[in-house]
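Structure file input00.tsv; described as TSV, C-alpha atoms.
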chain	number	residue	atom	x	y	z
A	11	MET	CA	-65.76	-42.01	-44.77
A	12	THR	CA	-62.67	-42.33	-46.96
A	13	PRO	CA	-59.29	-40.68	-46.19
A	14	ARG	CA	-60.10	-38.04	-48.84
A	15	ASP	CA	-63.10	-36.96	-46.74
A	16	LEU	CA	-61.03	-36.51	-43.57
A	17	SER	CA	-58.64	-33.82	-42.40
A	18	PRO	CA	-55.02	-34.83	-41.74
A	19	ALA	CA	-55.65	-34.52	-38.00
A	20	SER	CA	-58.48	-37.05	-38.23
A	21	ILE	CA	-56.45	-39.38	-40.45
A	22	ALA	CA	-53.65	-39.42	-37.87
A	23	VAL	CA	-56.13	-40.54	-35.21
A	24	SER	CA	-58.27	-42.94	-37.21
A	25	ALA	CA	-56.17	-44.59	-39.91
A	26	GLY	CA	-54.71	-48.04	-39.44
A	27	ARG	CA	-57.11	-49.18	-36.73
A	28	PRO	CA	-58.60	-52.71	-36.81
A	29	HIS	CA	-62.27	-52.91	-37.81
A	30	ALA	CA	-63.27	-56.56	-37.43
A	31	PRO	CA	-65.60	-57.40	-34.50
A	32	GLY	CA	-63.61	-58.33	-31.43
A	33	ASP	CA	-60.38	-56.71	-32.64
A	34	PRO	CA	-58.59	-54.38	-30.23
A	35	LEU	CA	-59.07	-50.70	-31.04
A	36	SER	CA	-55.30	-50.27	-31.23
A	37	ALA	CA	-53.24	-52.88	-33.06
A	38	PRO	CA	-51.09	-54.80	-30.54
A	39	ILE	CA	-47.33	-55.24	-30.57
A	40	THR	CA	-46.46	-58.43	-32.44
A	41	LEU	CA	-43.32	-59.98	-31.03
A	42	ALA	CA	-42.59	-62.77	-33.49
A	43	SER	CA	-39.71	-63.57	-35.80
A	44	ALA	CA	-41.52	-66.32	-37.71
A	45	LEU	CA	-45.08	-66.20	-39.08
A	46	VAL	CA	-47.41	-68.99	-40.21
A	47	PRO	CA	-46.87	-69.64	-43.95
A	48	GLY	CA	-49.57	-68.60	-46.38
A	49	GLY	CA	-49.77	-64.91	-45.59
A	50	ASP	CA	-47.84	-61.90	-46.88
A	51	ALA	CA	-44.68	-62.94	-45.03
A	52	GLU	CA	-43.26	-66.01	-43.34
A	53	TYR	CA	-40.32	-64.30	-41.65
A	54	ALA	CA	-40.54	-60.96	-39.85
A	55	ARG	CA	-37.73	-59.38	-41.87
A	56	ALA	CA	-40.15	-59.44	-44.81
A	57	GLY	CA	-43.09	-58.11	-42.84
A	58	ASN	CA	-44.50	-57.64	-39.37
A	59	PRO	CA	-48.18	-57.00	-38.57
A	60	VAL	CA	-47.25	-54.03	-36.36
A	61	TRP	CA	-45.75	-52.17	-39.35
A	62	ALA	CA	-49.05	-52.08	-41.22
A	63	PRO	CA	-50.91	-49.50	-39.07
A	64	LEU	CA	-47.90	-47.17	-39.09
A	65	GLU	CA	-47.39	-47.42	-42.83
A	66	THR	CA	-51.12	-46.95	-43.43
A	67	ILE	CA	-51.27	-43.75	-41.36
A	68	VAL	CA	-48.19	-42.18	-42.92
A	69	GLY	CA	-49.14	-43.30	-46.42
A	70	GLU	CA	-52.55	-41.68	-46.12
A	71	LEU	CA	-51.08	-38.50	-44.63
A	72	GLU	CA	-48.42	-38.12	-47.34
A	73	GLY	CA	-50.56	-39.42	-50.19
A	74	GLY	CA	-48.51	-42.46	-51.17
A	75	ASP	CA	-47.33	-45.89	-50.09
A	76	ALA	CA	-45.13	-45.85	-46.99
A	77	LEU	CA	-42.31	-48.11	-45.85
A	78	ALA	CA	-40.97	-48.11	-42.29
A	79	PHE	CA	-37.21	-48.39	-41.76
A	80	SER	CA	-34.96	-48.88	-38.75
A	81	SER	CA	-33.96	-45.18	-38.77
A	82	GLY	CA	-34.14	-42.02	-40.82
A	83	ILE	CA	-30.62	-42.71	-42.04
A	84	ALA	CA	-31.72	-46.19	-43.13
A	85	ALA	CA	-34.54	-44.62	-45.14
A	86	SER	CA	-32.17	-42.19	-46.87
A	87	ALA	CA	-29.70	-45.02	-47.51
A	88	ALA	CA	-32.48	-46.86	-49.33
A	89	VAL	CA	-33.09	-43.77	-51.46
A	90	PHE	CA	-29.38	-43.37	-52.22
A	91	SER	CA	-29.18	-47.03	-53.23
A	92	LEU	CA	-31.13	-45.92	-56.31
A	93	VAL	CA	-28.20	-43.68	-57.40
A	94	PRO	CA	-26.15	-45.58	-59.99
A	95	SER	CA	-22.38	-45.63	-60.17
A	96	GLY	CA	-21.36	-42.39	-61.87
A	97	GLY	CA	-24.59	-40.70	-60.80
A	98	VAL	CA	-24.80	-37.01	-59.93
A	99	VAL	CA	-26.63	-35.93	-56.77
A	100	VAL	CA	-27.60	-32.35	-55.92
A	101	ALA	CA	-28.12	-31.79	-52.19
A	102	PRO	CA	-28.23	-28.92	-49.65
A	103	ALA	CA	-24.84	-27.74	-48.42
A	104	HIS	CA	-26.44	-26.93	-45.07
A	105	GLY	CA	-28.69	-29.96	-44.81
A	106	TYR	CA	-28.46	-32.71	-42.24
A	107	TYR	CA	-24.84	-33.84	-42.22
A	108	GLY	CA	-25.79	-37.50	-41.77
A	109	THR	CA	-27.23	-37.66	-45.26
A	110	THR	CA	-24.44	-35.70	-46.95
A	111	HIS	CA	-21.96	-37.98	-45.17
A	112	GLN	CA	-23.69	-40.99	-46.73
A	113	LEU	CA	-23.27	-39.46	-50.17
A	114	ARG	CA	-19.62	-38.57	-49.56
A	115	GLN	CA	-18.98	-42.20	-48.64
A	116	ARG	CA	-20.03	-43.15	-52.15
A	117	GLY	CA	-16.78	-42.79	-54.01
A	118	ASP	CA	-18.53	-43.45	-57.33
A	119	VAL	CA	-21.02	-40.55	-57.08
A	120	GLU	CA	-20.58	-36.86	-57.88
A	121	LEU	CA	-22.03	-34.73	-55.08
A	122	ARG	CA	-23.00	-31.12	-55.80
A	123	LEU	CA	-23.77	-29.16	-52.64
A	124	VAL	CA	-25.90	-26.05	-53.09
A	125	ASP	CA	-27.67	-23.29	-51.19
A	126	VAL	CA	-31.24	-24.46	-51.79
A	127	SER	CA	-32.58	-21.01	-50.94
A	128	ASP	CA	-30.85	-19.77	-54.12
A	129	THR	CA	-33.30	-21.19	-56.65
A	130	SER	CA	-31.41	-20.11	-59.77
A	131	ALA	CA	-28.07	-21.54	-58.61
A	132	THR	CA	-29.74	-24.79	-57.51
A	133	VAL	CA	-31.44	-25.20	-60.89
A	134	ASP	CA	-28.13	-24.56	-62.65
A	135	ALA	CA	-26.51	-27.29	-60.55
A	136	MET	CA	-29.11	-29.79	-61.78
A	137	ARG	CA	-27.65	-30.01	-65.28
A	138	GLY	CA	-26.73	-33.64	-65.78
A	139	ALA	CA	-28.02	-34.64	-62.34
A	140	THR	CA	-29.57	-38.05	-61.81
A	141	HIS	CA	-30.95	-37.37	-58.32
A	142	VAL	CA	-31.91	-34.31	-56.27
A	143	TRP	CA	-32.21	-34.41	-52.48
A	144	LEU	CA	-34.04	-31.50	-50.85
A	145	GLU	CA	-34.73	-30.25	-47.34
A	146	SER	CA	-36.91	-27.24	-46.56
A	147	PRO	CA	-36.17	-25.89	-44.02
A	148	THR	CA	-32.63	-27.20	-44.05
A	149	ASN	CA	-31.23	-28.72	-40.88
A	150	PRO	CA	-29.79	-26.73	-39.11
A	151	ALA	CA	-29.44	-23.58	-41.23
A	152	MET	CA	-33.24	-23.14	-41.64
A	153	GLU	CA	-32.95	-22.23	-45.32
A	154	ILE	CA	-36.17	-22.42	-47.34
A	155	ALA	CA	-36.36	-24.00	-50.79
A	156	ASP	CA	-38.90	-23.20	-53.48
A	157	LEU	CA	-39.96	-26.83	-53.70
A	158	PRO	CA	-42.47	-26.63	-56.59
A	159	THR	CA	-39.95	-24.80	-58.81
A	160	LEU	CA	-36.99	-27.00	-57.87
A	161	ILE	CA	-38.95	-30.25	-58.23
A	162	ALA	CA	-40.18	-29.24	-61.68
A	163	ALA	CA	-36.66	-28.19	-62.74
A	164	ALA	CA	-35.20	-31.46	-61.50
A	165	HIS	CA	-37.71	-33.46	-63.52
A	166	ASP	CA	-36.95	-31.33	-66.57
A	167	ALA	CA	-33.30	-32.31	-66.05
A	168	GLY	CA	-34.30	-35.98	-65.86
A	169	ALA	CA	-33.54	-36.34	-62.15
A	170	LEU	CA	-35.41	-38.23	-59.47
A	171	VAL	CA	-36.41	-36.03	-56.51
A	172	ALA	CA	-36.51	-36.98	-52.83
A	173	VAL	CA	-37.63	-34.56	-50.11
A	174	ASP	CA	-36.90	-34.91	-46.41
A	175	ASN	CA	-40.17	-33.77	-44.78
A	176	THR	CA	-39.10	-34.29	-41.15
A	177	PHE	CA	-39.33	-30.63	-40.11
A	178	ARG	CA	-42.66	-29.78	-41.78
A	179	THR	CA	-44.49	-33.12	-41.45
A	180	PRO	CA	-47.38	-34.02	-43.79
A	181	LEU	CA	-49.64	-31.79	-41.70
A	182	ARG	CA	-47.80	-28.75	-43.05
A	183	GLU	CA	-46.62	-29.92	-46.48
A	184	ARG	CA	-47.10	-32.92	-48.79
A	185	PRO	CA	-44.15	-33.01	-51.20
A	186	LEU	CA	-45.62	-35.83	-53.30
A	187	GLU	CA	-48.44	-33.48	-54.27
A	188	LEU	CA	-45.78	-30.98	-55.38
A	189	GLY	CA	-44.32	-33.61	-57.70
A	190	ALA	CA	-41.61	-35.21	-55.54
A	191	ASP	CA	-40.89	-38.87	-56.28
A	192	ILE	CA	-40.00	-39.88	-52.70
A	193	VAL	CA	-40.57	-38.36	-49.28
A	194	THR	CA	-38.56	-39.39	-46.22
A	195	HIS	CA	-38.88	-38.82	-42.48
A	196	SER	CA	-36.84	-39.31	-39.41
A	197	ALA	CA	-39.89	-40.51	-37.51
A	198	SER	CA	-37.81	-40.32	-34.34
A	199	LYS	CA	-38.65	-36.61	-34.37
A	200	LEU	CA	-42.10	-35.02	-34.65
A	201	LEU	CA	-44.00	-38.05	-35.91
A	202	ALA	CA	-43.25	-40.21	-32.87
A	203	GLY	CA	-42.85	-37.10	-30.74
A	204	HIS	CA	-41.58	-38.41	-27.41
A	205	SER	CA	-37.81	-38.85	-27.87
A	206	ASP	CA	-38.03	-42.60	-27.26
A	207	VAL	CA	-37.88	-44.07	-30.77
A	208	ILE	CA	-35.39	-44.50	-33.61
A	209	LEU	CA	-37.31	-45.09	-36.83
A	210	GLY	CA	-37.45	-43.83	-40.42
A	211	LEU	CA	-39.98	-43.74	-43.24
A	212	ALA	CA	-39.96	-43.47	-47.02
A	213	ILE	CA	-43.09	-42.78	-49.04
A	214	CYS	CA	-43.65	-42.88	-52.79
A	215	ARG	CA	-46.40	-43.41	-55.37
A	216	ASP	CA	-44.57	-45.22	-58.16
A	217	PRO	CA	-44.87	-49.03	-57.80
A	218	GLU	CA	-41.37	-49.63	-59.19
A	219	LEU	CA	-39.80	-47.19	-56.74
A	220	TYR	CA	-41.76	-48.77	-53.90
A	221	ALA	CA	-40.58	-52.24	-54.89
A	222	ALA	CA	-36.96	-51.09	-55.09
A	223	LEU	CA	-37.08	-49.44	-51.65
A	224	ARG	CA	-38.83	-52.44	-50.13
A	225	SER	CA	-36.25	-54.79	-51.63
A	226	HIS	CA	-33.43	-52.68	-50.17
A	227	ARG	CA	-35.07	-52.77	-46.74
A	228	HIS	CA	-35.41	-56.54	-46.86
A	229	ASP	CA	-31.99	-57.31	-48.33
A	230	HIS	CA	-30.12	-54.96	-45.96
A	231	GLY	CA	-32.16	-55.81	-42.86
A	232	ALA	CA	-33.09	-52.14	-42.36
A	233	ILE	CA	-36.34	-53.02	-40.62
A	234	PRO	CA	-37.91	-51.30	-37.60
A	235	GLY	CA	-38.40	-53.16	-34.34
A	236	ALA	CA	-41.94	-54.07	-33.34
A	237	LEU	CA	-41.89	-51.86	-30.23
A	238	GLU	CA	-40.49	-48.89	-32.16
A	239	ALA	CA	-43.18	-49.21	-34.83
A	240	TRP	CA	-45.89	-49.45	-32.20
A	241	LEU	CA	-44.59	-46.43	-30.27
A	242	THR	CA	-44.40	-44.38	-33.47
A	243	THR	CA	-47.98	-45.32	-34.30
A	244	ARG	CA	-49.11	-44.25	-30.85
A	245	GLY	CA	-47.19	-41.00	-31.12
A	246	LEU	CA	-48.73	-40.20	-34.50
A	247	ARG	CA	-52.20	-40.21	-32.97
A	248	THR	CA	-51.44	-36.92	-31.19
A	249	LEU	CA	-49.31	-35.31	-33.92
A	250	ALA	CA	-51.84	-32.59	-34.74
A	251	VAL	CA	-52.29	-31.30	-31.20
A	252	ARG	CA	-48.58	-31.54	-30.39
A	253	LEU	CA	-47.60	-29.75	-33.58
A	254	ASP	CA	-50.15	-26.97	-33.10
A	255	ARG	CA	-48.99	-26.28	-29.53
A	256	ALA	CA	-45.27	-26.49	-30.26
A	257	GLU	CA	-45.58	-24.35	-33.38
A	258	SER	CA	-47.51	-21.70	-31.46
A	259	ASN	CA	-44.77	-21.68	-28.83
A	260	ALA	CA	-42.07	-21.46	-31.51
A	261	ARG	CA	-43.69	-18.44	-33.18
A	262	ASP	CA	-43.99	-16.70	-29.83
A	263	LEU	CA	-40.39	-17.41	-28.84
A	264	ALA	CA	-39.03	-16.44	-32.26
A	265	GLY	CA	-40.72	-13.06	-31.94
A	266	ARG	CA	-39.28	-12.47	-28.48
A	267	LEU	CA	-35.82	-13.55	-29.58
A	268	GLU	CA	-36.01	-11.18	-32.58
A	269	SER	CA	-36.47	-8.31	-30.13
A	270	SER	CA	-33.80	-9.49	-27.70
A	271	PRO	CA	-30.39	-7.76	-27.57
A	272	LEU	CA	-28.96	-11.11	-26.39
A	273	VAL	CA	-29.31	-12.65	-29.86
A	274	ASP	CA	-27.62	-11.51	-33.07
A	275	GLU	CA	-29.81	-13.36	-35.56
A	276	VAL	CA	-33.01	-15.42	-35.50
A	277	ARG	CA	-33.83	-17.91	-38.22
A	278	TYR	CA	-37.50	-18.84	-38.23
A	279	PRO	CA	-39.56	-19.15	-41.43
A	280	GLY	CA	-42.87	-18.42	-39.70
A	281	PHE	CA	-43.93	-22.05	-39.34
A	282	GLY	CA	-42.73	-25.23	-37.69
A	283	THR	CA	-41.24	-26.02	-34.30
A	284	ILE	CA	-37.54	-25.32	-34.96
A	285	VAL	CA	-35.94	-21.94	-34.31
A	286	GLY	CA	-32.35	-21.08	-35.16
A	287	LEU	CA	-30.67	-18.41	-33.06
A	288	VAL	CA	-27.16	-17.13	-33.68
A	289	LEU	CA	-24.88	-15.63	-31.03
A	290	ASP	CA	-21.71	-13.83	-32.08
A	291	ASP	CA	-19.69	-15.72	-29.46
A	292	ASP	CA	-19.67	-19.51	-29.83
A	293	ARG	CA	-18.43	-19.95	-26.25
A	294	ARG	CA	-21.38	-17.98	-24.91
A	295	ALA	CA	-23.70	-20.03	-27.13
A	296	GLN	CA	-22.28	-23.26	-25.73
A	297	ARG	CA	-22.58	-22.02	-22.14
A	298	ALA	CA	-26.19	-21.00	-22.73
A	299	THR	CA	-27.22	-24.44	-23.96
A	300	GLU	CA	-25.51	-26.09	-21.01
A	301	SER	CA	-27.03	-23.80	-18.36
A	302	SER	CA	-30.77	-24.00	-19.14
A	303	ARG	CA	-32.99	-25.95	-16.77
A	304	LEU	CA	-36.29	-26.42	-18.60
A	305	VAL	CA	-34.94	-26.52	-22.17
A	306	ARG	CA	-32.87	-29.68	-22.34
A	307	TYR	CA	-29.36	-29.73	-23.77
A	308	ALA	CA	-29.66	-32.57	-26.29
A	309	THR	CA	-28.96	-33.34	-29.92
A	310	SER	CA	-32.38	-34.54	-31.07
A	311	LEU	CA	-35.55	-32.59	-31.83
A	312	GLY	CA	-39.30	-32.87	-32.29
A	313	GLY	CA	-40.21	-34.19	-28.84
A	314	VAL	CA	-42.81	-32.83	-26.44
A	315	GLU	CA	-39.91	-31.39	-24.46
A	316	SER	CA	-37.90	-28.41	-25.71
A	317	THR	CA	-34.26	-29.08	-26.54
A	318	TRP	CA	-31.37	-27.07	-27.94
A	319	GLU	CA	-27.73	-27.41	-28.88
A	320	ARG	CA	-24.93	-25.54	-30.62
A	321	ARG	CA	-24.62	-27.39	-33.89
A	322	ARG	CA	-20.96	-26.69	-34.65
A	323	ARG	CA	-19.99	-28.71	-31.58
A	324	HIS	CA	-20.34	-31.69	-33.96
A	325	VAL	CA	-17.13	-32.15	-35.94
A	326	ASN	CA	-19.02	-33.25	-39.07
A	327	GLU	CA	-21.24	-30.16	-39.22
A	328	ALA	CA	-20.68	-27.96	-42.28
A	329	PRO	CA	-17.91	-25.43	-41.53
A	330	THR	CA	-20.02	-22.67	-43.10
A	331	ILE	CA	-22.66	-23.04	-40.37
A	332	PRO	CA	-22.13	-20.15	-37.91
A	333	ALA	CA	-20.14	-21.31	-34.88
A	334	GLY	CA	-22.69	-19.65	-32.59
A	335	LEU	CA	-25.80	-21.15	-34.20
A	336	ILE	CA	-28.12	-22.79	-31.68
A	337	ARG	CA	-30.88	-25.07	-32.98
A	338	LEU	CA	-33.86	-24.77	-30.65
A	339	SER	CA	-36.54	-27.46	-30.91
A	340	VAL	CA	-39.61	-26.05	-29.21
A	341	GLY	CA	-41.89	-28.36	-27.25
A	342	ILE	CA	-45.30	-28.07	-25.64
A	343	GLU	CA	-44.36	-26.58	-22.26
A	344	ASP	CA	-45.85	-23.30	-21.04
A	345	VAL	CA	-44.36	-20.60	-23.24
A	346	GLU	CA	-43.77	-18.19	-20.34
A	347	ASP	CA	-41.72	-20.84	-18.53
A	348	LEU	CA	-39.74	-21.49	-21.70
A	349	TRP	CA	-39.00	-17.81	-22.25
A	350	ALA	CA	-37.91	-17.28	-18.66
A	351	ASP	CA	-35.51	-20.22	-18.93
A	352	ILE	CA	-34.11	-19.19	-22.33
A	353	GLU	CA	-33.61	-15.56	-21.30
A	354	THR	CA	-31.83	-16.59	-18.11
A	355	ALA	CA	-29.58	-19.03	-19.99
A	356	LEU	CA	-28.66	-16.45	-22.62
A	357	THR	CA	-27.86	-13.92	-19.94

Whole structure, structure tokens version:
Amino acid sequence: MTPRDLSPASIAVSAGRPHAPGDPLSAPITLASALVPGGDAEYARAGNPVWAPLETIVGELEGGDALAFSSGIAASAAVFSLVPSGGVVVAPAHGYYGTTHQLRQRGDVELRLVDVSDTSATVDAMRGATHVWLESPTNPAMEIADLPTLIAAAHDAGALVAVDNTFRTPLRERPLELGADIVTHSASKLLAGHSDVILGLAICRDPELYAALRSHRHDHGAIPGALEAWLTTRGLRTLAVRLDRAESNARDLAGRLESSPLVDEVRYPGFGTIVGLVLDDDRRAQRATESSRLVRYATSLGGVESTWERRRRHVNEAPTIPAGLIRLSVGIEDVEDLWADIETALT
């Protein structure tokens, strides 16, 4: 069977496995800095055998050619290296602050921050743009973008489009099929799924874009470690079942929070594992995140364990994010246990 015959869940389990007689069913960790000449690479900064299964799985899931990077930020840095001096980048005002910080550091680039849920205003901001960076939902505001419309408008404006697909994963959306030029992931989150990896990915279909991103990775040393790549590959094998369970929990909790007098606003688009809840008192929001027992107070997301934090505790977070916004990353625990812990912490 070819990848086109398989569901994404089956691809995640089956892709990238060795097939030759005597090969191990799972590709082993290759701990080597130098490789025997004559193959695709002689030095492990140019290539490592343990990257191949990971890039194969993600490439087949997203529908393109994947490159693994040392982190999600390293992947976005590779994308932003394509922005020329004097370029114009449109990006979400309430997107992940790590990526907007990278763009602000570029003194030779015009950055236009927009509310991506306002399609008309976002399209207007694309006039003269060279690059458009999109998140949907945005992190942490949970704003939803009309990706097909915005991608088409960006191309009409002559801009290259990159979409951060960390929150949705290729099991819920494939931006390349919607016309995006590049897709990125912080694989540290849902793809690896166990809060033990720092790794990023970039996926594209155009050979010239792929070559440019690969060259950036090599020249800047933005390569993943062998153990990190192997752990991400292993985590991907269970992505479908983890995502289904966590998403079911998130829907349940979002509904209960909507009905709770302890919460002023709930931001949940009806899919995914991330729920935003807003309290009118930022001090009470901070105390809640610090007093839970099952839901862990931590800054990351996408693991099998539930975590939450008040996002404005970070000094670089956008000042227009509500001070009492809590980003809840829902895991795979029993939903009744999660609700009991959340309700107690909020009280």

Taking 5 positions as the minimum chain separation for residues in the same chain, which residues sit within 10 Å of A:Leu200 when counting only C-alpha atoms? Answer as a CSV table (one decimal) with C-alpha atoms, in the coordinates of the input.
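The resulting selection_7.csv:
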chain,number,residue,atom,x,y,z
A,176,THR,CA,-39.1,-34.3,-41.2
A,177,PHE,CA,-39.3,-30.6,-40.1
A,178,ARG,CA,-42.7,-29.8,-41.8
A,179,THR,CA,-44.5,-33.1,-41.4
A,195,HIS,CA,-38.9,-38.8,-42.5
A,205,SER,CA,-37.8,-38.8,-27.9
A,242,THR,CA,-44.4,-44.4,-33.5
A,245,GLY,CA,-47.2,-41.0,-31.1
A,246,LEU,CA,-48.7,-40.2,-34.5
A,249,LEU,CA,-49.3,-35.3,-33.9
A,252,ARG,CA,-48.6,-31.5,-30.4
A,253,LEU,CA,-47.6,-29.8,-33.6
A,283,THR,CA,-41.2,-26.0,-34.3
A,311,LEU,CA,-35.6,-32.6,-31.8
A,312,GLY,CA,-39.3,-32.9,-32.3
A,313,GLY,CA,-40.2,-34.2,-28.8
A,314,VAL,CA,-42.8,-32.8,-26.4
A,341,GLY,CA,-41.9,-28.4,-27.2

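Of the residues listed (A:Glu238, A:Thr40, A:Ala101, A:Arg303), A:Glu238 shows the shortest atom-to-atom separation from A:Ile208; distances use only C-alpha atoms.
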
Using all atoms listed in the file, which residues sit within 8 Å of stretch 261-274 of chain A once same-chain residues fewer than 6 positions away are excluded, as a list in words?
-> Gly280, Phe281, Val285, Leu287, Val288, Leu289, Asp290, Val345, Trp349, Leu356 and Thr357 of chain A

Test item: residues at most 7 Å from stretch 147-161 of chain A, all atoms listed in the file, excluding those fewer than 2 positions along its chain, as a list in words |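 Counting all atoms listed in the file, the residues come to His104, Gly105, Tyr106, Val126, Ser127, Thr129, Val133, Glu145, Ala163, Ala164, His165, Val171, Phe177, Leu188, Gly189, Ala190, Arg277, Tyr278, Gly286, Ile331 and Arg337 of chain A.
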
Atom CA of A:Leu335 to atom CA of A:Ile352, distance in Å rounded to a single decimal |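 According to the coordinates, atom CA of A:Leu335 and atom CA of A:Ile352 are separated by 14.6 Å.
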
As a check of understanding: the span from atom CA of A:Arg320 to atom CA of A:Ser339 is 11.8 Å

Exercise: A:Glu343 partners within 10 Å, all atoms listed in the file, chain neighbours under 6 positions left out, as a list of chain:residue names = A:Arg255, A:Ala256, A:Asn259, A:Leu304, A:Val305, A:Val314, A:Glu315, A:Ser316

Would you list the contacts of A:Tyr220 as a VMD selection string, taking every protein, DNA or RNA residue within 9 Å and counting all atoms listed in the file, but skipping same-chain residues closer than 6 positions in sequence?
-> chain A and resid 75 to 77 212 to 214

For C-alpha atoms, I'd like the residues from the last selection saved as a PDB file, in the frame of the given file.
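The resulting selection19.pdb:
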ATOM      1  CA  ASP A  75     -47.330 -45.890 -50.090  1.00  0.00           C
ATOM      2  CA  ALA A  76     -45.130 -45.850 -46.990  1.00  0.00           C
ATOM      3  CA  LEU A  77     -42.310 -48.110 -45.850  1.00  0.00           C
ATOM      4  CA  ALA A 212     -39.960 -43.470 -47.020  1.00  0.00           C
ATOM      5  CA  ILE A 213     -43.090 -42.780 -49.040  1.00  0.00           C
ATOM      6  CA  CYS A 214     -43.650 -42.880 -52.790  1.00  0.00           C
TER       7      CYS A 214
END

Name the closest residue to A:Ala221 among the candidates A:Leu92, A:Thr354, A:Leu338, A:Pro63; distances are taken between atoms, counting all atoms listed in the file.
-> A:Leu92

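You will find atom CA of A:Leu64 at 25.5 Å from atom CA of A:Leu170.
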
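With only C-alpha atoms as the basis for measurement, A:Leu211 is the residue among A:Ala42, A:Leu211, A:Ala355, A:Ala51 that approaches A:Ser198 most closely.
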
Can you work out which one of A:Ala169, A:Ala260, A:Val99, A:Leu113 has the shortest atom-to-atom distance to A:Ile342, counting only C-alpha atoms?
-> A:Ala260

Rank A:Leu223, A:Val251, A:Ala236, A:Ala328 by their smallest atom-to-atom distance to A:Leu41, using all atoms listed in the file, and report the top residue only.
-> A:Ala236

Counting all atoms listed in the file, closest pick from A:Ala250, A:Val68, A:Leu209, A:Leu121 relative to A:Ala84 is A:Leu209

Report, as AutoDock Vina command-line options, the centre and edge lengths in Å (one decimal) of the axis-aligned box enclosing every listed atom of stretch 139-153 of chain A, padded by 3 Å on each side.
--center_x -32.5 --center_y -30.1 --center_z -50.7 --size_x 14.9 --size_y 21.8 --size_z 29.2

Can you save stretch 222-233 of chain A of the given block to a file, including N, CA, C and O atoms and formatted as a short mmCIF file (atom, residue, chain, number, x, y, z; two decimals), in the first residue's frame?
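Contents of out07.cif, freshly written:
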data_model
loop_
_atom_site.label_atom_id
_atom_site.label_comp_id
_atom_site.auth_asym_id
_atom_site.auth_seq_id
_atom_site.Cartn_x
_atom_site.Cartn_y
_atom_site.Cartn_z
N ALA A 222 16.77 25.72 0.04
CA ALA A 222 17.15 26.90 0.82
C ALA A 222 17.05 26.64 2.31
O ALA A 222 17.94 27.03 3.09
N LEU A 223 15.98 25.96 2.74
CA LEU A 223 15.82 25.65 4.16
C LEU A 223 16.88 24.65 4.62
O LEU A 223 17.43 24.77 5.73
N ARG A 224 17.16 23.68 3.79
CA ARG A 224 18.18 22.69 4.15
C ARG A 224 19.56 23.34 4.26
O ARG A 224 20.34 23.03 5.16
N SER A 225 19.85 24.26 3.34
CA SER A 225 21.13 24.97 3.38
C SER A 225 21.24 25.80 4.66
O SER A 225 22.30 25.82 5.31
N HIS A 226 20.14 26.46 5.05
CA HIS A 226 20.16 27.24 6.30
C HIS A 226 20.43 26.33 7.48
O HIS A 226 21.23 26.66 8.37
N ARG A 227 19.77 25.18 7.53
CA ARG A 227 19.98 24.25 8.64
C ARG A 227 21.44 23.83 8.74
O ARG A 227 22.03 23.81 9.82
N HIS A 228 22.03 23.50 7.60
CA HIS A 228 23.41 23.05 7.58
C HIS A 228 24.37 24.17 7.96
O HIS A 228 25.24 24.01 8.82
N ASP A 229 24.18 25.34 7.35
CA ASP A 229 25.14 26.43 7.53
C ASP A 229 25.07 27.04 8.93
O ASP A 229 26.06 27.59 9.42
N HIS A 230 23.88 26.97 9.57
CA HIS A 230 23.71 27.54 10.90
C HIS A 230 23.75 26.47 12.00
O HIS A 230 23.58 26.80 13.18
N GLY A 231 23.97 25.23 11.64
CA GLY A 231 24.08 24.17 12.63
C GLY A 231 22.80 23.92 13.40
O GLY A 231 22.84 23.45 14.55
N ALA A 232 21.65 24.21 12.77
CA ALA A 232 20.36 24.09 13.46
C ALA A 232 19.80 22.68 13.36
O ALA A 232 18.64 22.46 13.01
N ILE A 233 20.62 21.71 13.69
CA ILE A 233 20.25 20.31 13.48
C ILE A 233 19.75 19.67 14.78
O ILE A 233 20.19 20.03 15.87
#
